[in-house]
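Shown below: upload.txt, with compact mmCIF, C-alpha atoms and all ligand atoms.
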```txt
# COMPACT_ATOMS: atom_id res chain seq x y z
CA MET A 253 179.75 -46.57 -89.24
CA VAL A 254 182.36 -47.15 -91.88
CA LEU A 255 184.27 -50.40 -91.66
CA LYS A 256 187.72 -50.17 -93.21
CA LYS A 257 189.55 -53.40 -93.74
CA GLY A 258 192.80 -53.72 -91.85
CA ASN A 259 192.16 -50.87 -89.46
CA THR A 260 192.24 -52.09 -85.90
CA SER A 261 193.66 -49.01 -84.26
CA PRO A 262 191.47 -47.35 -81.66
CA LEU A 263 189.59 -44.50 -83.21
CA ILE A 264 191.16 -41.22 -82.37
CA ASP A 265 187.87 -39.35 -82.23
CA ARG A 266 186.29 -41.96 -80.00
CA PRO A 267 184.12 -40.19 -77.41
CA LEU A 268 184.34 -41.73 -73.99
CA LEU A 269 181.83 -44.33 -73.01
CA ASN A 270 182.45 -45.78 -69.60
CA VAL A 271 181.54 -49.35 -70.52
CA GLN A 272 182.16 -50.80 -67.08
CA GLN A 273 179.81 -48.24 -65.57
CA VAL A 274 177.17 -48.83 -68.24
CA ARG A 275 177.39 -52.60 -67.66
CA GLU A 276 176.34 -52.07 -64.05
CA ASP A 277 172.99 -50.90 -65.38
CA PHE A 278 172.40 -54.37 -66.86
CA PRO A 279 172.18 -56.92 -64.02
CA VAL A 280 172.06 -59.88 -66.41
CA LEU A 281 175.57 -59.11 -67.65
CA ALA A 282 176.94 -60.12 -64.25
CA ARG A 283 175.47 -63.63 -64.56
CA GLU A 284 177.43 -66.79 -65.12
CA VAL A 285 176.27 -69.31 -67.69
CA ASN A 286 177.66 -72.82 -67.61
CA GLY A 287 180.18 -71.72 -65.03
CA GLN A 288 181.53 -68.92 -67.24
CA PRO A 289 180.83 -65.20 -67.26
CA LEU A 290 177.95 -64.56 -69.67
CA VAL A 291 179.06 -63.08 -72.99
CA TYR A 292 175.87 -61.88 -74.62
CA LEU A 293 176.33 -61.54 -78.38
CA ASP A 294 172.72 -62.02 -79.46
CA ASN A 295 171.65 -58.39 -79.36
CA ALA A 296 170.17 -58.34 -82.86
CA ALA A 297 167.63 -60.94 -81.73
CA SER A 298 166.86 -59.02 -78.54
CA ALA A 299 168.85 -56.62 -76.40
CA GLN A 300 169.14 -56.76 -72.60
CA LYS A 301 167.28 -54.34 -70.31
CA PRO A 302 168.85 -51.74 -68.03
CA ARG A 303 167.64 -51.30 -64.45
CA GLN A 304 166.09 -47.99 -65.47
CA VAL A 305 163.62 -49.83 -67.72
CA VAL A 306 162.95 -52.67 -65.29
CA GLU A 307 162.36 -50.22 -62.44
CA ARG A 308 160.04 -48.08 -64.55
CA LEU A 309 157.96 -51.15 -65.44
CA SER A 310 157.91 -52.27 -61.86
CA ARG A 311 156.80 -48.84 -60.60
CA TYR A 312 154.06 -48.68 -63.20
CA TYR A 313 152.66 -52.09 -62.29
CA ALA A 314 153.12 -51.59 -58.53
CA LEU A 315 151.71 -48.10 -58.20
CA GLU A 316 150.33 -46.55 -61.37
CA HIS A 317 148.28 -49.08 -63.28
CA ALA A 318 144.75 -48.48 -64.56
CA ASN A 319 143.20 -48.68 -68.00
CA ILE A 320 143.75 -45.60 -70.15
CA HIS A 321 141.62 -43.21 -72.19
CA ARG A 322 138.43 -44.15 -70.35
CA GLY A 323 138.55 -43.47 -66.61
CA VAL A 324 137.63 -40.25 -64.87
CA HIS A 325 139.51 -41.43 -61.83
CA PHE A 326 143.01 -40.37 -60.83
CA LEU A 327 144.91 -43.54 -61.71
CA SER A 328 143.37 -43.82 -65.15
CA GLN A 329 144.28 -40.25 -65.88
CA GLU A 330 147.78 -40.70 -64.55
CA ALA A 331 148.29 -43.83 -66.67
CA THR A 332 146.86 -42.03 -69.71
CA SER A 333 149.29 -39.16 -69.20
CA ALA A 334 152.24 -41.53 -68.87
CA TYR A 335 151.16 -43.46 -72.00
CA GLU A 336 150.78 -40.28 -74.06
CA ALA A 337 154.04 -38.89 -72.66
CA ALA A 338 155.66 -42.12 -73.90
CA ARG A 339 154.30 -41.38 -77.36
CA ALA A 340 155.87 -37.91 -77.20
CA THR A 341 159.20 -39.48 -76.17
CA VAL A 342 159.04 -41.84 -79.15
CA ALA A 343 158.27 -38.92 -81.48
CA LYS A 344 161.28 -37.03 -80.17
CA PHE A 345 163.50 -40.12 -80.39
CA ILE A 346 162.83 -40.58 -84.11
CA ASN A 347 162.16 -36.87 -84.75
CA ALA A 348 158.57 -37.31 -85.91
CA ALA A 349 156.81 -34.02 -86.57
CA GLU A 350 154.02 -34.91 -84.11
CA PRO A 351 153.41 -37.60 -81.46
CA ARG A 352 150.17 -38.71 -83.14
CA GLU A 353 152.27 -39.99 -86.05
CA CYS A 354 153.61 -42.71 -83.75
CA ILE A 355 151.30 -45.70 -83.40
CA PHE A 356 152.07 -48.26 -80.72
CA THR A 357 152.12 -51.81 -82.08
CA ARG A 358 153.34 -55.16 -80.80
CA GLY A 359 156.60 -54.67 -82.63
CA THR A 360 158.10 -54.30 -86.08
CA THR A 361 156.25 -57.36 -87.36
CA GLU A 362 152.87 -55.91 -86.46
CA ALA A 363 153.84 -52.49 -87.81
CA LEU A 364 154.77 -53.95 -91.20
CA ASN A 365 151.62 -56.08 -91.26
CA LEU A 366 149.55 -53.02 -90.39
CA VAL A 367 150.82 -51.17 -93.48
CA ALA A 368 150.43 -54.23 -95.72
CA SER A 369 146.95 -55.01 -94.48
CA SER A 370 145.52 -51.49 -94.14
CA TRP A 371 147.31 -49.42 -96.81
CA GLY A 372 148.08 -52.38 -99.06
CA GLY A 373 144.61 -53.84 -98.75
CA ALA A 374 143.00 -50.52 -99.73
CA ASN A 375 145.46 -49.31 -102.36
CA LEU A 376 146.94 -52.31 -104.13
CA GLN A 377 145.37 -54.23 -106.99
CA ALA A 378 146.22 -57.17 -109.20
CA GLY A 379 149.40 -56.47 -111.15
CA ASP A 380 150.69 -53.77 -108.78
CA GLU A 381 154.24 -54.33 -107.59
CA VAL A 382 155.90 -54.03 -104.19
CA LEU A 383 159.69 -53.71 -104.41
CA ILE A 384 161.78 -55.18 -101.59
CA THR A 385 165.39 -56.45 -101.42
CA GLN A 386 167.06 -59.80 -101.13
CA MET A 387 168.19 -59.08 -97.56
CA GLU A 388 164.74 -58.66 -95.98
CA HIS A 389 163.61 -60.31 -92.76
CA HIS A 390 160.62 -62.63 -93.22
CA ALA A 391 158.50 -59.90 -91.57
CA ASN A 392 159.09 -57.75 -94.65
CA ILE A 393 158.45 -60.58 -97.12
CA VAL A 394 155.52 -62.63 -95.92
CA PRO A 395 152.96 -59.79 -95.44
CA TRP A 396 153.46 -58.93 -99.14
CA GLN A 397 153.11 -62.57 -100.12
CA LEU A 398 149.77 -62.60 -98.30
CA LEU A 399 148.77 -59.69 -100.56
CA GLU A 400 149.95 -61.69 -103.58
CA GLN A 401 147.44 -64.33 -102.54
CA SER A 402 144.57 -62.02 -101.60
CA HIS A 403 145.01 -59.20 -104.14
CA GLY A 404 147.13 -60.63 -106.94
CA ILE A 405 149.97 -58.14 -106.40
CA LYS A 406 153.53 -59.01 -107.40
CA LEU A 407 156.50 -59.00 -105.07
CA VAL A 408 159.66 -57.84 -106.83
CA VAL A 409 163.05 -58.46 -105.24
CA ALA A 410 166.16 -56.33 -105.84
CA PRO A 411 169.49 -58.20 -105.78
CA ILE A 412 172.49 -57.72 -103.51
CA ASP A 413 176.18 -58.18 -104.31
CA GLU A 414 178.71 -60.65 -102.89
CA ARG A 415 179.54 -58.29 -100.02
CA GLY A 416 175.89 -58.09 -99.03
CA GLN A 417 175.15 -54.62 -100.38
CA LEU A 418 172.09 -53.66 -102.35
CA ILE A 419 172.96 -53.16 -106.03
CA VAL A 420 171.37 -49.74 -106.26
CA GLU A 421 171.42 -49.54 -110.10
CA GLU A 422 169.55 -52.85 -110.31
CA TRP A 423 167.11 -51.72 -107.61
CA GLU A 424 166.49 -48.52 -109.55
CA LYS A 425 165.85 -50.46 -112.77
CA LEU A 426 163.12 -52.37 -110.98
CA LEU A 427 161.19 -49.18 -110.16
CA SER A 428 158.47 -49.08 -112.80
CA PRO A 429 155.05 -47.52 -113.30
CA ARG A 430 153.67 -50.73 -111.75
CA THR A 431 155.68 -50.18 -108.52
CA LYS A 432 153.21 -48.93 -105.92
CA LEU A 433 155.32 -49.37 -102.79
CA VAL A 434 158.97 -49.68 -101.86
CA ALA A 435 159.90 -51.44 -98.62
CA PHE A 436 163.35 -52.31 -97.27
CA CYS A 437 165.34 -52.73 -94.09
CA HIS A 438 167.29 -49.74 -92.86
CA ALA A 439 169.89 -52.21 -91.56
CA SER A 440 170.04 -55.95 -92.21
CA ASN A 441 169.73 -58.24 -89.19
CA ALA A 442 171.69 -60.99 -90.93
CA LEU A 443 174.46 -59.07 -92.71
CA GLY A 444 174.64 -55.82 -90.78
CA THR A 445 174.44 -53.83 -94.04
CA ILE A 446 173.12 -50.29 -93.62
CA ASN A 447 171.13 -49.39 -96.71
CA PRO A 448 171.47 -45.88 -98.17
CA ALA A 449 167.92 -45.15 -97.06
CA LYS A 450 167.78 -41.43 -97.70
CA ALA A 451 169.01 -41.74 -101.30
CA LEU A 452 166.69 -44.68 -102.04
CA ILE A 453 163.70 -42.86 -100.57
CA LYS A 454 164.48 -39.82 -102.72
CA LYS A 455 164.62 -41.95 -105.88
CA ALA A 456 161.31 -43.64 -105.03
CA HIS A 457 159.64 -40.31 -104.24
CA GLU A 458 160.81 -38.85 -107.56
CA ARG A 459 158.55 -41.48 -109.09
CA GLY A 460 155.73 -40.83 -106.63
CA ILE A 461 156.21 -44.15 -104.79
CA PRO A 462 155.78 -44.26 -100.98
CA VAL A 463 158.46 -45.95 -98.87
CA LEU A 464 158.17 -48.19 -95.82
CA LEU A 465 161.39 -48.48 -93.83
CA ASP A 466 161.99 -51.45 -91.52
CA GLY A 467 163.97 -49.91 -88.67
CA ALA A 468 164.11 -52.97 -86.40
CA GLN A 469 167.91 -53.11 -86.63
CA SER A 470 168.79 -49.47 -87.17
CA SER A 471 166.95 -47.79 -84.33
CA ALA A 472 169.11 -49.32 -81.58
CA HIS A 473 172.37 -48.38 -83.25
CA PHE A 474 172.21 -44.85 -84.58
CA LYS A 475 170.11 -41.71 -84.48
CA ILE A 476 166.92 -41.96 -86.49
CA ASP A 477 165.41 -38.85 -88.04
CA VAL A 478 162.28 -39.76 -89.96
CA GLN A 479 161.84 -36.22 -91.27
CA GLU A 480 165.37 -36.11 -92.61
CA LEU A 481 164.95 -39.56 -94.15
CA ASP A 482 161.55 -38.50 -95.47
CA CYS A 483 160.26 -42.09 -95.22
CA ASP A 484 156.48 -42.49 -95.34
CA TRP A 485 156.44 -45.18 -92.66
CA PHE A 486 159.06 -46.43 -90.22
CA ALA A 487 158.78 -49.55 -88.03
CA LEU A 488 160.70 -50.42 -84.87
CA SER A 489 160.65 -52.92 -81.98
CA GLY A 490 161.05 -51.97 -78.32
CA HIS A 491 162.86 -55.14 -77.30
CA LYS A 492 165.78 -54.50 -79.67
CA LEU A 493 166.11 -51.03 -78.17
CA PHE A 494 166.73 -52.22 -74.59
CA GLY A 495 162.99 -51.88 -73.91
CA PRO A 496 160.19 -54.39 -73.24
CA THR A 497 158.98 -57.12 -75.58
CA GLY A 498 155.50 -56.88 -77.08
CA ILE A 499 155.78 -53.18 -77.88
CA GLY A 500 156.88 -51.40 -81.03
CA VAL A 501 156.06 -48.41 -83.15
CA LEU A 502 154.71 -47.67 -86.57
CA TYR A 503 155.58 -44.11 -87.53
CA GLY A 504 153.69 -42.72 -90.51
CA LYS A 505 153.14 -39.29 -92.02
CA ALA A 506 149.91 -37.95 -90.51
CA ASP A 507 147.94 -37.46 -93.73
CA LEU A 508 148.91 -40.86 -95.01
CA LEU A 509 147.93 -42.62 -91.77
CA ASN A 510 144.63 -40.75 -91.51
CA ALA A 511 143.76 -41.82 -95.04
CA MET A 512 144.33 -45.50 -94.21
CA PRO A 513 141.41 -47.69 -93.16
CA PRO A 514 141.44 -49.19 -89.63
CA TYR A 515 143.48 -52.34 -89.19
CA GLN A 516 141.59 -53.83 -86.24
CA GLY A 517 138.20 -52.87 -84.86
CA GLY A 518 137.26 -52.50 -81.21
CA GLY A 519 137.35 -50.15 -78.27
CA ASP A 520 139.20 -46.83 -78.31
CA MET A 521 139.46 -46.56 -82.11
CA ILE A 522 135.83 -45.54 -82.69
CA GLU A 523 134.07 -42.20 -82.72
CA LYS A 524 130.50 -43.49 -82.67
CA VAL A 525 129.17 -47.02 -82.89
CA SER A 526 125.67 -48.08 -83.80
CA PHE A 527 124.33 -51.26 -85.34
CA SER A 528 123.77 -49.39 -88.56
CA GLY A 529 127.37 -48.23 -88.79
CA THR A 530 130.47 -46.94 -87.05
CA THR A 531 132.75 -43.96 -87.51
CA PHE A 532 136.41 -44.05 -86.63
CA ARG A 533 138.75 -41.77 -84.78
CA HIS A 534 141.81 -40.17 -86.30
CA ILE A 535 145.36 -41.22 -85.49
CA PRO A 536 146.78 -42.43 -83.25
CA GLU A 537 143.69 -44.07 -81.68
CA ARG A 538 142.44 -45.18 -85.10
CA PHE A 539 145.12 -47.91 -85.10
CA GLU A 540 145.15 -48.79 -81.40
CA ALA A 541 142.02 -50.86 -80.90
CA GLY A 542 141.56 -52.37 -77.45
CA THR A 543 143.61 -51.97 -74.29
CA PRO A 544 147.17 -51.42 -75.47
CA HIS A 545 150.43 -52.52 -73.88
CA ILE A 546 150.46 -49.53 -71.52
CA ALA A 547 153.44 -50.68 -69.48
CA GLY A 548 155.28 -51.57 -72.67
CA ALA A 549 154.91 -48.08 -74.08
CA ILE A 550 156.05 -46.52 -70.79
CA GLY A 551 158.98 -48.96 -70.60
CA LEU A 552 159.93 -48.21 -74.20
CA ALA A 553 160.04 -44.50 -73.40
CA ALA A 554 162.30 -45.29 -70.41
CA ALA A 555 164.59 -47.23 -72.76
CA MET A 556 164.72 -44.33 -75.21
CA ASP A 557 165.47 -41.91 -72.37
CA TYR A 558 168.24 -44.27 -71.29
CA ILE A 559 169.79 -44.33 -74.77
CA GLU A 560 169.60 -40.55 -74.98
CA SER A 561 171.25 -40.26 -71.55
CA ILE A 562 174.26 -42.20 -72.87
CA GLY A 563 174.18 -40.42 -76.23
CA HIS A 564 174.13 -41.72 -79.78
CA LYS A 565 177.70 -40.67 -80.54
CA PRO A 566 179.36 -42.67 -77.73
CA ILE A 567 177.13 -45.65 -78.56
CA GLU A 568 178.08 -45.51 -82.24
CA ALA A 569 181.78 -45.12 -81.43
CA GLN A 570 181.77 -48.07 -79.03
CA GLU A 571 179.91 -50.31 -81.48
CA ARG A 572 182.17 -49.27 -84.34
CA ASP A 573 185.18 -50.19 -82.25
CA LEU A 574 183.64 -53.58 -81.39
CA LEU A 575 182.80 -54.25 -85.03
CA HIS A 576 186.36 -53.41 -86.20
CA TYR A 577 187.98 -55.37 -83.43
CA ALA A 578 185.77 -58.46 -83.76
CA THR A 579 186.10 -58.48 -87.57
CA GLU A 580 189.89 -58.35 -87.37
CA ARG A 581 190.13 -60.96 -84.64
CA MET A 582 187.76 -63.31 -86.45
CA ARG A 583 189.77 -63.00 -89.64
CA GLU A 584 192.66 -64.59 -87.72
CA ILE A 585 190.71 -67.86 -87.76
CA GLU A 586 191.69 -69.61 -90.95
CA GLY A 587 188.76 -70.81 -93.05
CA LEU A 588 186.20 -68.67 -91.23
CA LYS A 589 184.16 -66.72 -93.75
CA ILE A 590 182.25 -63.58 -92.85
CA TYR A 591 179.02 -62.91 -94.74
CA GLY A 592 178.21 -59.24 -94.96
CA GLU A 593 181.18 -57.03 -95.71
CA ALA A 594 179.36 -53.87 -96.63
CA GLU A 595 181.27 -50.66 -96.22
CA ASN A 596 178.53 -49.33 -93.98
CA LYS A 597 177.52 -51.82 -91.29
CA VAL A 598 175.95 -52.09 -87.87
CA ALA A 599 177.76 -54.34 -85.40
CA VAL A 600 176.47 -57.68 -86.66
CA ILE A 601 178.80 -60.43 -87.92
CA SER A 602 177.42 -63.52 -89.65
CA PHE A 603 179.96 -66.21 -90.37
CA ASP A 604 180.47 -69.77 -91.47
CA ILE A 605 183.26 -72.23 -90.77
CA PRO A 606 183.01 -74.82 -93.56
CA GLY A 607 182.80 -78.31 -92.09
CA ILE A 608 181.15 -77.25 -88.81
CA HIS A 609 177.39 -76.87 -88.56
CA PRO A 610 176.29 -73.49 -87.10
CA ASN A 611 174.20 -75.30 -84.49
CA ASP A 612 177.30 -77.11 -83.28
CA ILE A 613 179.19 -73.81 -83.12
CA GLY A 614 176.31 -72.20 -81.18
CA THR A 615 176.04 -75.11 -78.74
CA MET A 616 179.76 -75.22 -78.10
CA LEU A 617 179.93 -71.45 -77.61
CA ASP A 618 177.06 -71.73 -75.14
CA ALA A 619 179.07 -74.25 -73.15
CA ASP A 620 181.58 -71.41 -72.69
CA GLY A 621 178.83 -68.99 -71.63
CA ILE A 622 178.70 -67.24 -75.01
CA ALA A 623 175.27 -66.48 -76.52
CA VAL A 624 175.01 -66.15 -80.31
CA ARG A 625 172.26 -66.93 -82.79
CA THR A 626 172.52 -69.75 -85.30
CA GLY A 627 170.39 -70.71 -88.28
CA HIS A 628 168.62 -68.65 -90.91
CA HIS A 629 167.92 -65.56 -88.75
CA CYS A 630 164.48 -65.27 -90.43
CA THR A 631 166.15 -64.42 -93.74
CA MET A 632 165.92 -67.76 -95.56
CA PRO A 633 165.90 -66.28 -99.09
CA LEU A 634 169.03 -64.28 -98.29
CA TRP A 635 170.99 -67.43 -97.44
CA GLU A 636 169.74 -69.08 -100.59
CA ARG A 637 171.47 -66.23 -102.44
CA PHE A 638 174.75 -67.29 -100.80
CA GLY A 639 174.13 -71.04 -101.21
CA LEU A 640 173.84 -71.59 -97.45
CA THR A 641 171.04 -72.64 -95.13
CA GLY A 642 172.25 -70.35 -92.36
CA THR A 643 175.18 -69.01 -90.39
CA THR A 644 176.35 -68.27 -86.89
CA ARG A 645 175.76 -64.65 -85.95
CA ALA A 646 177.43 -62.51 -83.30
CA SER A 647 175.69 -59.20 -82.76
CA PHE A 648 176.95 -56.51 -80.44
CA ALA A 649 175.62 -53.76 -78.22
CA PHE A 650 177.43 -50.84 -76.58
CA TYR A 651 177.77 -52.83 -73.34
CA ASN A 652 179.98 -55.47 -74.98
CA THR A 653 183.74 -55.28 -74.57
CA ARG A 654 186.92 -56.19 -76.44
CA GLY A 655 187.61 -58.67 -73.63
CA GLU A 656 184.37 -60.47 -74.47
CA ILE A 657 185.41 -60.59 -78.12
CA ASP A 658 188.72 -62.17 -77.07
CA SER A 659 186.81 -64.87 -75.14
CA PHE A 660 184.56 -65.44 -78.15
CA VAL A 661 187.49 -65.78 -80.58
CA GLU A 662 189.34 -68.05 -78.16
CA SER A 663 186.28 -70.29 -77.87
CA LEU A 664 185.81 -70.35 -81.67
CA THR A 665 189.45 -71.31 -82.16
CA LYS A 666 189.04 -74.17 -79.68
CA ILE A 667 185.84 -75.35 -81.38
CA LYS A 668 187.50 -75.34 -84.78
CA ARG A 669 190.41 -77.36 -83.43
CA MET A 670 188.03 -79.91 -81.87
CA PHE A 671 186.01 -80.40 -85.04
CA LEU A 672 188.61 -79.98 -87.77
CA GLY A 673 191.95 -80.48 -85.99
CA ALA A 674 194.72 -77.92 -86.36
N1 LIG A 701 162.85 -56.73 -89.36
C1 LIG A 701 164.13 -56.93 -89.06
C2 LIG A 701 165.21 -56.33 -89.91
C3 LIG A 701 164.45 -57.72 -87.94
O1 LIG A 701 165.73 -57.90 -87.62
C4 LIG A 701 163.42 -58.28 -87.15
C5 LIG A 701 163.72 -59.20 -86.00
C6 LIG A 701 162.10 -57.99 -87.50
C7 LIG A 701 161.85 -57.23 -88.62
C8 LIG A 701 160.95 -58.47 -86.68
O2 LIG A 701 161.00 -57.85 -85.45
P1 LIG A 701 160.01 -58.30 -84.26
O3 LIG A 701 160.48 -57.54 -83.08
O4 LIG A 701 158.65 -57.95 -84.68
O5 LIG A 701 160.22 -59.79 -84.10
N2 LIG A 701 164.96 -59.85 -86.08
C9 LIG A 701 165.35 -60.89 -85.33
C10 LIG A 701 166.64 -61.42 -85.41
O6 LIG A 701 167.52 -61.02 -86.14
N3 LIG A 701 166.75 -62.47 -84.56
O7 LIG A 701 165.57 -62.60 -83.92
C11 LIG A 701 164.70 -61.63 -84.40
```
Structure re-expressed in structure tokens:
Amino acid sequence: MVLKKGNTSPLIDRPLLNVQQVREDFPVLAREVNGQPLVYLDNAASAQKPRQVVERLSRYYALEHANIHRGVHFLSQEATSAYEAARATVAKFINAAEPRECIFTRGTTEALNLVASSWGGANLQAGDEVLITQMEHHANIVPWQLLEQSHGIKLVVAPIDERGQLIVEEWEKLLSPRTKLVAFCHASNALGTINPAKALIKKAHERGIPVLLDGAQSSAHFKIDVQELDCDWFALSGHKLFGPTGIGVLYGKADLLNAMPPYQGGGDMIEKVSFSGTTFRHIPERFEAGTPHIAGAIGLAAAMDYIESIGHKPIEAQERDLLHYATERMREIEGLKIYGEAENKVAVISFDIPGIHPNDIGTMLDADGIAVRTGHHCTMPLWERFGLTGTTRASFAFYNTRGEIDSFVESLTKIKRMFLGA
């Protein structure tokens, strides 16, 4: 997704996505909010759900539910098959070599914490360094800070430039013999920046350093191929992928995961338990203690099937068009400053209008039925870098339209006039 300044023309190679037809799959998009048609531009926080996902969840709960991996009866076996089929769908979606490399978690946050707690807890010692970037979500900062407290490790932060891009040379200089792990977001939730993951992973691997990729914002926008990326771990959240909340995935290379100690103890993850000691199962069960979010996993697979049925190429083309169009239209508003002008971006636009608080912008947009996020977007240190406390953020999905962007820009123009005159 290359954003070229000044290019608003429709892309010639744009594959057809019938947006109006796709919108029919999302009942919420037909709602009115505050007497206006809903314009949902908060997709980076959480995306809406198509009927196909809602109906799959409903069918599971209405007809197919039982606990998994433990019943000899029909329903338990049926639910187990559906849960394990969901794992296979996830593996295919991200091109994992094997389904067992995909661990179901509560979401990206739990996936990142799992690596920090299990792998980090076992492998990191005082003085070891974890290298992240300035654009990380709190979920890829705080787990490492907990290890600073418990293990005396050091969190090292690579800088970004004015346009919101990682300064790769500086990042590379920070790789040292003390660096034991590299972790970064594939795409930034606050700036939209897509990091050059494959190249960074290669550089880290040349030094024998494993890499954890936070895919919360990339996995909904473009095709993920964990084998091609060669990342050691990859985290994603179902709810950002048009799937249910409370479900996510930690992908990890099989040998690496099997060498990690359990993260939580309980049912399903054990081989044999006695009061004198317990042995643990291999992946994936090793990291799925207790009754998992069965419906969530099945719903996530339905969401991935839905995305595949539309196709990554049409989705990317539609989002690229929305990003170009929105960027150009927003630049018409004098004084509005966009934060995050990386050459390679997902369809996320953070902006500030000096003199108007983001919360006021968000509240006024809401009055016009337009949903955006305001504040720090869980990237407080990033905004410190830009001397701000937060921004307003519009984030797009393939079901958004140019017409919605026009309404958004019209509303912004009105808000600016009300607060600042002219
Ligand atoms: N990493 C990134 C890059 C994210 O954008 C988010 C959530 C997370 C991790 C955590 O994901 P979770 O599903 O476990 O919560 N980002 C946002 C956001 O931008 N607005 O709300 C949540």
### Task
Check every protein, DNA and RNA residue against ligand LIG 701 (chain A), keep those with an atom at most 6 Å away (counting all atoms listed in the file), and present them as a ChimeraX atom specification.
/A:296-297,359-361,389,391,437,440-441,466,468-469,489,629
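With all atoms listed in the file as the atoms that count, the minimum distance from Asp658 of chain A to the choices A:Val291, A:Ala547, A:Ile535, A:Ile384 is reached by A:Val291.
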Sorted by chain and rising residue number, list the residues of segment 423-464 of chain A at most 9 Å from segment 589-598 of chain A (counting all atoms listed in the file), each with its closest atom pair and distance in Å to one decimal, as a tab-separated table.
```
residue	atom	partner	partner_atom	distance
A:Ala439	CA	A:Val598	CA	7.1
A:Ser440	CA	A:Val598	CA	8.3
A:Asn441	CA	A:Val598	CA	8.8
A:Ala442	CA	A:Gly592	CA	7.9
A:Leu443	CA	A:Gly592	CA	4.4
A:Gly444	CA	A:Val598	CA	4.9
A:Thr445	CA	A:Lys597	CA	4.6
A:Ile446	CA	A:Lys597	CA	5.2
A:Asn447	CA	A:Asn596	CA	7.9
A:Pro448	CA	A:Asn596	CA	8.9
```
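The closest residue to Leu493 of chain A, picked from A:Ile657, A:Ile608, A:Ala374, A:Ala555 and counting all atoms listed in the file, is A:Ala555.
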Hey, can you pull every residue with an atom no more than 9 Å from (161.6, -67.3, -95.2), using all atoms listed in the file, and send it as a PDB file with C-alpha atoms, keeping the file's coordinate frame?
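Listing of point04.pdb after writing:
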```pdb
ATOM      1  CA  HIS A 389     163.610 -60.310 -92.760  1.00  0.00           C
ATOM      2  CA  HIS A 390     160.620 -62.630 -93.220  1.00  0.00           C
ATOM      3  CA  ALA A 391     158.500 -59.900 -91.570  1.00  0.00           C
ATOM      4  CA  ILE A 393     158.450 -60.580 -97.120  1.00  0.00           C
ATOM      5  CA  VAL A 394     155.520 -62.630 -95.920  1.00  0.00           C
ATOM      6  CA  HIS A 628     168.620 -68.650 -90.910  1.00  0.00           C
ATOM      7  CA  CYS A 630     164.480 -65.270 -90.430  1.00  0.00           C
ATOM      8  CA  THR A 631     166.150 -64.420 -93.740  1.00  0.00           C
ATOM      9  CA  MET A 632     165.920 -67.760 -95.560  1.00  0.00           C
ATOM     10  CA  PRO A 633     165.900 -66.280 -99.090  1.00  0.00           C
ATOM     11  CA  LEU A 634     169.030 -64.280 -98.290  1.00  0.00           C
TER      12      LEU A 634
END
```
### Task
Can you pull out every residue within 12 Å of Ser428 of chain A, counting all atoms listed in the file, but drop anything in the same chain fewer than 6 positions away, and send it as an MDAnalysis selection string?
chainID A and resid 379:383 408 422 434 455:456 458:461
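Proximity to Ala511 of chain A was assessed for A:Ile405, A:Ala340, A:Val367, A:Leu452 counting all atoms listed in the file; the smallest distance is recorded for A:Val367.
When atom CA of Gln570 of chain A is paired with atom CA of Phe650 of chain A, their separation reads 5.7 Å.
If you measure from each of A:Leu366, A:His491, A:Leu481, A:His438 to Pro514 of chain A using all atoms listed in the file, the closest one turns out to be A:Leu366.
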### Task
Kindly provide, as number ranges by chain, the polymer residues lying within 10 Å of (175.4, -65.2, -86.2), counting all atoms listed in the file and using the coordinates exactly as they appear in the file.
A: 293-294, 296-297, 441-443, 590-591, 600-604, 610, 613-614, 623-629, 642-647
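Every protein, DNA or RNA residue with an atom at most 8 Å from Met556 of chain A, where only C-alpha atoms count and chain neighbours fewer than 3 positions away do not, is listed here: A:Thr341, A:Val342, A:Phe345, A:Leu493, A:Gly495, A:Leu552, A:Ala553, A:Ile559, A:Glu560.
Atom CA of Gly372 of chain A is positioned 21.1 Å from atom CA of Arg352 of chain A.
Using all atoms listed in the file, the contacts of Ala487 of chain A at a cut-off of 7 Å, with sequence neighbours closer than 6 positions omitted, comprise Thr360, Ala363, Leu364, Leu465, Asp466, Gly467, Ala468, Val501, Leu502 and Tyr503 of chain A.
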Those residues with C-alpha atoms, as a compact mmCIF listing (two decimals), keeping the file's coordinate frame please?
```
# COMPACT_ATOMS: atom_id res chain seq x y z
CA THR A 360 158.10 -54.30 -86.08
CA ALA A 363 153.84 -52.49 -87.81
CA LEU A 364 154.77 -53.95 -91.20
CA LEU A 465 161.39 -48.48 -93.83
CA ASP A 466 161.99 -51.45 -91.52
CA GLY A 467 163.97 -49.91 -88.67
CA ALA A 468 164.11 -52.97 -86.40
CA VAL A 501 156.06 -48.41 -83.15
CA LEU A 502 154.71 -47.67 -86.57
CA TYR A 503 155.58 -44.11 -87.53
```
Skip segment 329-331 of chain A itself and residues of its chain fewer than 5 positions away, then list as a compact mmCIF listing (two decimals) with C-alpha atoms, in the frame of the given file all residues within 10 Å of it, counting all atoms listed in the file.
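File written: out.txt
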```
# COMPACT_ATOMS: atom_id res chain seq x y z
CA TYR A 312 154.06 -48.68 -63.20
CA GLU A 316 150.33 -46.55 -61.37
CA HIS A 317 148.28 -49.08 -63.28
CA ALA A 318 144.75 -48.48 -64.56
CA ASN A 319 143.20 -48.68 -68.00
CA ILE A 320 143.75 -45.60 -70.15
CA HIS A 321 141.62 -43.21 -72.19
CA ARG A 322 138.43 -44.15 -70.35
CA GLY A 323 138.55 -43.47 -66.61
CA VAL A 324 137.63 -40.25 -64.87
CA GLU A 336 150.78 -40.28 -74.06
CA ALA A 337 154.04 -38.89 -72.66
CA ILE A 546 150.46 -49.53 -71.52
CA ALA A 547 153.44 -50.68 -69.48
CA ILE A 550 156.05 -46.52 -70.79
```
